[in-house]
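Listing of query-v1.pdb, PDB, N, CA and C atoms
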ATOM      1  N   MET W 199      -9.359  55.639  17.675
ATOM      2  CA  MET W 199      -8.263  55.419  16.774
ATOM      3  C   MET W 199      -8.045  53.920  16.603
ATOM      4  N   VAL W 200      -7.871  53.487  15.358
ATOM      5  CA  VAL W 200      -7.671  52.076  15.047
ATOM      6  C   VAL W 200      -6.168  51.820  14.991
ATOM      7  N   GLU W 201      -5.775  50.762  15.735
ATOM      8  CA  GLU W 201      -4.354  50.420  15.741
ATOM      9  C   GLU W 201      -4.007  49.593  14.502
ATOM     10  N   PRO W 202      -2.865  49.851  13.919
ATOM     11  CA  PRO W 202      -2.458  49.042  12.763
ATOM     12  C   PRO W 202      -2.193  47.607  13.189
ATOM     13  N   HIS W 203      -2.459  46.686  12.269
ATOM     14  CA  HIS W 203      -2.248  45.269  12.569
ATOM     15  C   HIS W 203      -0.749  45.002  12.675
ATOM     16  N   VAL W 204      -0.372  44.485  13.805
ATOM     17  CA  VAL W 204       1.034  44.189  14.030
ATOM     18  C   VAL W 204       1.156  42.690  14.248
ATOM     19  N   SER W 205       2.035  42.077  13.518
ATOM     20  CA  SER W 205       2.246  40.639  13.657
ATOM     21  C   SER W 205       3.311  40.409  14.701
ATOM     22  N   TYR W 206       2.972  39.579  15.680
ATOM     23  CA  TYR W 206       3.921  39.294  16.743
ATOM     24  C   TYR W 206       4.526  37.905  16.587
ATOM     25  N   THR W 207       4.521  37.372  15.412
ATOM     26  CA  THR W 207       5.075  36.028  15.229
ATOM     27  C   THR W 207       6.572  36.072  15.395
ATOM     28  N   ASN W 208       7.038  35.097  16.064
ATOM     29  CA  ASN W 208       8.470  34.960  16.276
ATOM     30  C   ASN W 208       9.021  34.125  15.127
ATOM     31  N   HIS W 209       9.921  34.663  14.357
ATOM     32  CA  HIS W 209      10.457  33.944  13.207
ATOM     33  C   HIS W 209      11.194  32.681  13.623
ATOM     34  N   CYS W 210      11.762  32.714  14.810
ATOM     35  CA  CYS W 210      12.467  31.530  15.311
ATOM     36  C   CYS W 210      11.476  30.391  15.521
ATOM     37  N   CYS W 211      10.319  30.664  16.104
ATOM     38  CA  CYS W 211       9.303  29.630  16.315
ATOM     39  C   CYS W 211       8.761  29.137  14.983
ATOM     40  N   THR W 212       8.584  30.009  14.036
ATOM     41  CA  THR W 212       8.096  29.612  12.725
ATOM     42  C   THR W 212       9.086  28.654  12.075
ATOM     43  N   ARG W 213      10.357  28.956  12.221
ATOM     44  CA  ARG W 213      11.391  28.078  11.642
ATOM     45  C   ARG W 213      11.383  26.721  12.338
ATOM     46  N   LYS W 214      11.209  26.711  13.667
ATOM     47  CA  LYS W 214      11.155  25.446  14.408
ATOM     48  C   LYS W 214       9.952  24.619  13.963
ATOM     49  N   ASN W 215       8.824  25.260  13.793
ATOM     50  CA  ASN W 215       7.634  24.546  13.324
ATOM     51  C   ASN W 215       7.868  23.971  11.938
ATOM     52  N   SER W 216       8.523  24.750  11.088
ATOM     53  CA  SER W 216       8.818  24.265   9.747
ATOM     54  C   SER W 216       9.746  23.059   9.799
ATOM     55  N   MET W 217      10.733  23.119  10.667
ATOM     56  CA  MET W 217      11.657  21.989  10.814
ATOM     57  C   MET W 217      10.931  20.772  11.368
ATOM     58  N   LYS W 218      10.027  21.012  12.316
ATOM     59  CA  LYS W 218       9.264  19.903  12.903
ATOM     60  C   LYS W 218       8.363  19.260  11.849
ATOM     61  N   GLN W 219       7.727  20.094  11.022
ATOM     62  CA  GLN W 219       6.892  19.563   9.952
ATOM     63  C   GLN W 219       7.727  18.772   8.962
ATOM     64  N   SER W 220       8.902  19.270   8.657
ATOM     65  CA  SER W 220       9.798  18.561   7.752
ATOM     66  C   SER W 220      10.208  17.226   8.348
ATOM     67  N   TRP W 221      10.485  17.213   9.648
ATOM     68  CA  TRP W 221      10.871  15.981  10.339
ATOM     69  C   TRP W 221       9.731  14.969  10.285
ATOM     70  N   TYR W 222       8.496  15.430  10.587
ATOM     71  CA  TYR W 222       7.341  14.538  10.528
ATOM     72  C   TYR W 222       7.111  14.044   9.103
ATOM     73  N   SER W 223       7.293  14.925   8.145
ATOM     74  CA  SER W 223       7.117  14.534   6.754
ATOM     75  C   SER W 223       8.124  13.456   6.376
ATOM     76  N   THR W 224       9.369  13.611   6.811
ATOM     77  CA  THR W 224      10.404  12.616   6.530
ATOM     78  C   THR W 224      10.060  11.294   7.197
ATOM     79  N   LYS W 225       9.615  11.350   8.444
ATOM     80  CA  LYS W 225       9.234  10.117   9.152
ATOM     81  C   LYS W 225       8.057   9.436   8.463
ATOM     82  N   ALA W 226       7.080  10.213   8.034
ATOM     83  CA  ALA W 226       5.917   9.641   7.355
ATOM     84  C   ALA W 226       6.346   8.999   6.039
ATOM     85  N   CYS W 227       7.252   9.649   5.331
ATOM     86  CA  CYS W 227       7.733   9.102   4.064
ATOM     87  C   CYS W 227       8.483   7.795   4.297
ATOM     88  N   LYS W 228       9.301   7.747   5.334
ATOM     89  CA  LYS W 228      10.013   6.508   5.660
ATOM     90  C   LYS W 228       9.036   5.407   6.053
ATOM     91  N   TRP W 229       7.994   5.765   6.793
ATOM     92  CA  TRP W 229       6.994   4.782   7.215
ATOM     93  C   TRP W 229       6.252   4.224   5.999
ATOM     94  N   VAL W 230       5.872   5.093   5.076
ATOM     95  CA  VAL W 230       5.178   4.648   3.864
ATOM     96  C   VAL W 230       6.089   3.731   3.057
ATOM     97  N   SER W 231       7.362   4.084   2.952
ATOM     98  CA  SER W 231       8.314   3.240   2.221
ATOM     99  C   SER W 231       8.448   1.879   2.890
ATOM    100  N   PHE W 232       8.494   1.870   4.220
ATOM    101  CA  PHE W 232       8.613   0.621   4.964
ATOM    102  C   PHE W 232       7.400  -0.268   4.741
ATOM    103  N   VAL W 233       6.208   0.309   4.857
ATOM    104  CA  VAL W 233       4.971  -0.458   4.653
ATOM    105  C   VAL W 233       4.897  -0.960   3.221
ATOM    106  N   PHE W 234       5.281  -0.116   2.269
ATOM    107  CA  PHE W 234       5.273  -0.511   0.863
ATOM    108  C   PHE W 234       6.220  -1.681   0.625
ATOM    109  N   SER W 235       7.413  -1.623   1.213
ATOM    110  CA  SER W 235       8.367  -2.715   1.011
ATOM    111  C   SER W 235       7.859  -4.000   1.655
ATOM    112  N   LEU W 236       7.169  -3.911   2.778
ATOM    113  CA  LEU W 236       6.564  -5.109   3.382
ATOM    114  C   LEU W 236       5.521  -5.708   2.451
ATOM    115  N   ARG W 237       4.723  -4.862   1.831
ATOM    116  CA  ARG W 237       3.698  -5.343   0.901
ATOM    117  C   ARG W 237       4.342  -5.991  -0.326
ATOM    118  N   VAL W 238       5.436  -5.423  -0.789
ATOM    119  CA  VAL W 238       6.136  -5.996  -1.942
ATOM    120  C   VAL W 238       6.683  -7.370  -1.585
ATOM    121  N   VAL W 239       7.262  -7.510  -0.395
ATOM    122  CA  VAL W 239       7.791  -8.805   0.038
ATOM    123  C   VAL W 239       6.663  -9.812   0.156
ATOM    124  N   ASP W 240       5.535  -9.400   0.724
ATOM    125  CA  ASP W 240       4.383 -10.293   0.867
ATOM    126  C   ASP W 240       3.857 -10.727  -0.503
ATOM    127  N   THR W 241       3.751  -9.786  -1.431
ATOM    128  CA  THR W 241       3.292 -10.111  -2.776
ATOM    129  C   THR W 241       4.265 -11.057  -3.470
ATOM    130  N   ASP W 242       5.560 -10.835  -3.278
ATOM    131  CA  ASP W 242       6.574 -11.707  -3.868
ATOM    132  C   ASP W 242       6.434 -13.134  -3.349
ATOM    133  N   GLN W 243       6.184 -13.293  -2.054
ATOM    134  CA  GLN W 243       5.996 -14.632  -1.486
ATOM    135  C   GLN W 243       4.755 -15.304  -2.063
ATOM    136  N   GLN W 244       3.695 -14.548  -2.228
ATOM    137  CA  GLN W 244       2.475 -15.114  -2.803
ATOM    138  C   GLN W 244       2.700 -15.545  -4.249
ATOM    139  N   ILE W 245       3.441 -14.744  -4.998
ATOM    140  CA  ILE W 245       3.744 -15.105  -6.389
ATOM    141  C   ILE W 245       4.589 -16.370  -6.438
ATOM    142  N   GLN W 246       5.541 -16.505  -5.523
ATOM    143  CA  GLN W 246       6.365 -17.716  -5.475
ATOM    144  C   GLN W 246       5.508 -18.949  -5.195
ATOM    145  N   GLU W 247       4.538 -18.822  -4.283
ATOM    146  CA  GLU W 247       3.644 -19.944  -3.988
ATOM    147  C   GLU W 247       2.824 -20.327  -5.215
ATOM    148  N   VAL W 248       2.324 -19.337  -5.942
ATOM    149  CA  VAL W 248       1.551 -19.605  -7.154
ATOM    150  C   VAL W 248       2.435 -20.289  -8.193
ATOM    151  N   ASN W 249       3.683 -19.834  -8.338
ATOM    152  CA  ASN W 249       4.602 -20.453  -9.286
ATOM    153  C   ASN W 249       4.873 -21.912  -8.933
ATOM    154  N   ILE W 250       5.014 -22.215  -7.647
ATOM    155  CA  ILE W 250       5.229 -23.606  -7.216
ATOM    156  C   ILE W 250       4.012 -24.453  -7.565
ATOM    157  N   GLN W 251       2.822 -23.923  -7.301
ATOM    158  CA  GLN W 251       1.602 -24.660  -7.642
ATOM    159  C   GLN W 251       1.509 -24.876  -9.151
ATOM    160  N   ASN W 252       1.869 -23.867  -9.931
ATOM    161  CA  ASN W 252       1.835 -24.003 -11.386
ATOM    162  C   ASN W 252       2.825 -25.059 -11.862
ATOM    163  N   MET W 253       4.002 -25.105 -11.229
ATOM    164  CA  MET W 253       4.979 -26.115 -11.613
ATOM    165  C   MET W 253       4.459 -27.516 -11.295
ATOM    166  N   ASN W 254       3.748 -27.661 -10.181
ATOM    167  CA  ASN W 254       3.171 -28.964  -9.835
ATOM    168  C   ASN W 254       2.116 -29.377 -10.855
ATOM    169  N   VAL W 255       1.284 -28.441 -11.272
ATOM    170  CA  VAL W 255       0.261 -28.745 -12.275
ATOM    171  C   VAL W 255       0.921 -29.121 -13.598
ATOM    172  N   GLU W 256       1.967 -28.396 -13.972
ATOM    173  CA  GLU W 256       2.670 -28.698 -15.221
ATOM    174  C   GLU W 256       3.312 -30.080 -15.158
ATOM    175  N   LEU W 257       3.866 -30.429 -14.012
ATOM    176  CA  LEU W 257       4.483 -31.749 -13.853
ATOM    177  C   LEU W 257       3.440 -32.858 -14.002
ATOM    178  N   VAL W 258       2.279 -32.689 -13.384
ATOM    179  CA  VAL W 258       1.217 -33.688 -13.495
ATOM    180  C   VAL W 258       0.743 -33.791 -14.945
ATOM    181  N   ALA W 259       0.640 -32.658 -15.642
ATOM    182  CA  ALA W 259       0.206 -32.672 -17.046
ATOM    183  C   ALA W 259       1.209 -33.429 -17.908
ATOM    184  N   GLN W 260       2.500 -33.219 -17.659
ATOM    185  CA  GLN W 260       3.524 -33.936 -18.421
ATOM    186  C   GLN W 260       3.481 -35.428 -18.116
ATOM    187  N   MET W 261       3.270 -35.775 -16.848
ATOM    188  CA  MET W 261       3.173 -37.185 -16.484
ATOM    189  C   MET W 261       1.988 -37.834 -17.183
ATOM    190  N   PHE W 262       0.842 -37.158 -17.224
ATOM    191  CA  PHE W 262      -0.330 -37.708 -17.874
ATOM    192  C   PHE W 262      -0.100 -37.867 -19.372
ATOM    193  N   LYS W 263       0.572 -36.884 -19.990
ATOM    194  CA  LYS W 263       0.857 -36.959 -21.414
ATOM    195  C   LYS W 263       1.758 -38.169 -21.710
ATOM    196  N   ASN W 264       2.784 -38.371 -20.881
ATOM    197  CA  ASN W 264       3.658 -39.534 -21.060
ATOM    198  C   ASN W 264       2.896 -40.836 -20.857
ATOM    199  N   TYR W 265       2.017 -40.867 -19.856
ATOM    200  CA  TYR W 265       1.212 -42.070 -19.609
ATOM    201  C   TYR W 265       0.324 -42.356 -20.823
ATOM    202  N   GLN W 266      -0.294 -41.320 -21.370
ATOM    203  CA  GLN W 266      -1.165 -41.484 -22.537
ATOM    204  C   GLN W 266      -0.363 -42.020 -23.732
ATOM    205  N   SER W 267       0.831 -41.470 -23.942
ATOM    206  CA  SER W 267       1.678 -41.944 -25.048
ATOM    207  C   SER W 267       2.053 -43.405 -24.865
ATOM    208  N   ASN W 268       2.392 -43.787 -23.633
ATOM    209  CA  ASN W 268       2.755 -45.174 -23.350
ATOM    210  C   ASN W 268       1.573 -46.114 -23.559
ATOM    211  N   VAL W 269       0.381 -45.709 -23.142
ATOM    212  CA  VAL W 269      -0.813 -46.546 -23.319
ATOM    213  C   VAL W 269      -1.088 -46.747 -24.805
ATOM    214  N   LEU W 270      -1.018 -45.672 -25.581
ATOM    215  CA  LEU W 270      -1.256 -45.791 -27.020
ATOM    216  C   LEU W 270      -0.206 -46.684 -27.678
ATOM    217  N   PHE W 271       1.029 -46.547 -27.272
ATOM    218  CA  PHE W 271       2.100 -47.360 -27.836
ATOM    219  C   PHE W 271       1.860 -48.837 -27.551
ATOM    220  N   HIS W 272       1.500 -49.160 -26.315
ATOM    221  CA  HIS W 272       1.273 -50.562 -25.948
ATOM    222  C   HIS W 272       0.015 -51.121 -26.599
ATOM    223  N   LEU W 273      -1.029 -50.295 -26.729
ATOM    224  CA  LEU W 273      -2.241 -50.771 -27.402
ATOM    225  C   LEU W 273      -1.961 -51.064 -28.875
ATOM    226  N   GLU W 274      -1.165 -50.219 -29.518
ATOM    227  CA  GLU W 274      -0.814 -50.468 -30.924
ATOM    228  C   GLU W 274       0.043 -51.735 -31.047
ATOM    229  N   GLY W 275       0.862 -52.010 -30.063
ATOM    230  CA  GLY W 275       1.690 -53.216 -30.090
ATOM    231  C   GLY W 275       0.869 -54.471 -29.865
ATOM    232  N   MET W 276      -0.205 -54.354 -29.101
ATOM    233  CA  MET W 276      -1.042 -55.525 -28.800
ATOM    234  C   MET W 276      -1.995 -55.834 -29.944
ATOM    235  N   CYS W 277      -2.448 -54.840 -30.658
ATOM    236  CA  CYS W 277      -3.433 -55.026 -31.725
ATOM    237  C   CYS W 277      -2.863 -54.450 -33.020
ATOM    238  N   PRO W 278      -1.922 -55.138 -33.648
ATOM    239  CA  PRO W 278      -1.310 -54.553 -34.846
ATOM    240  C   PRO W 278      -2.258 -54.507 -36.046
ATOM    241  N   TYR W 279      -3.310 -55.290 -36.030
ATOM    242  CA  TYR W 279      -4.199 -55.337 -37.189
ATOM    243  C   TYR W 279      -5.444 -54.513 -37.029
ATOM    244  N   ALA W 280      -5.568 -53.814 -35.937
ATOM    245  CA  ALA W 280      -6.795 -53.051 -35.699
ATOM    246  C   ALA W 280      -6.802 -51.738 -36.406
TER
END

As structure tokens - that is how I would like this structure written.
Amino acid sequence: MVEPHVSYTNHCCTRKNSMKQSWYSTKACKWVSFVFSLRVVDTDQQIQEVNIQNMNVELVAQMFKNYQSNVLFHLEGMCPYA
């Protein structure tokens, strides 16, 4: 005689496992959010450094442009007939 399949799972244990999985899922989600926010902060700092370097390059370009204008102005003043 074949015995019918009887499930002996305890519903209380199943619920505990589900709660534990939910807890781990929540912790994993918080960890991913934390790591993501660290990466965002790191990227923001790198962008700020690039912006500072760009401002330095722009400042040097403006200084050179002013120097060029001054040189041309003085050369025209020295050689009015050229």

Margin query: Using Å and a single decimal, report how far atom N of Ile245 in chain W sits from CA of Val233 in chain W.
Written below: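 Computing it gives 17.3 Å between the two atoms.
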
Quiz item: atom N of Phe262 in chain W and atom C of Cys277 in chain W, how far apart in Å?
Solution: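 Pair atom C of Cys277 in chain W / atom N of Phe262 in chain W returns 23.7 Å.
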
Quick check, in Å to one decimal: how far apart do atom N of Leu270 in chain W and atom N of Val255 in chain W lie?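 So the two atoms, atom N of Leu270 in chain W and atom N of Val255 in chain W, lie 22.5 Å apart.
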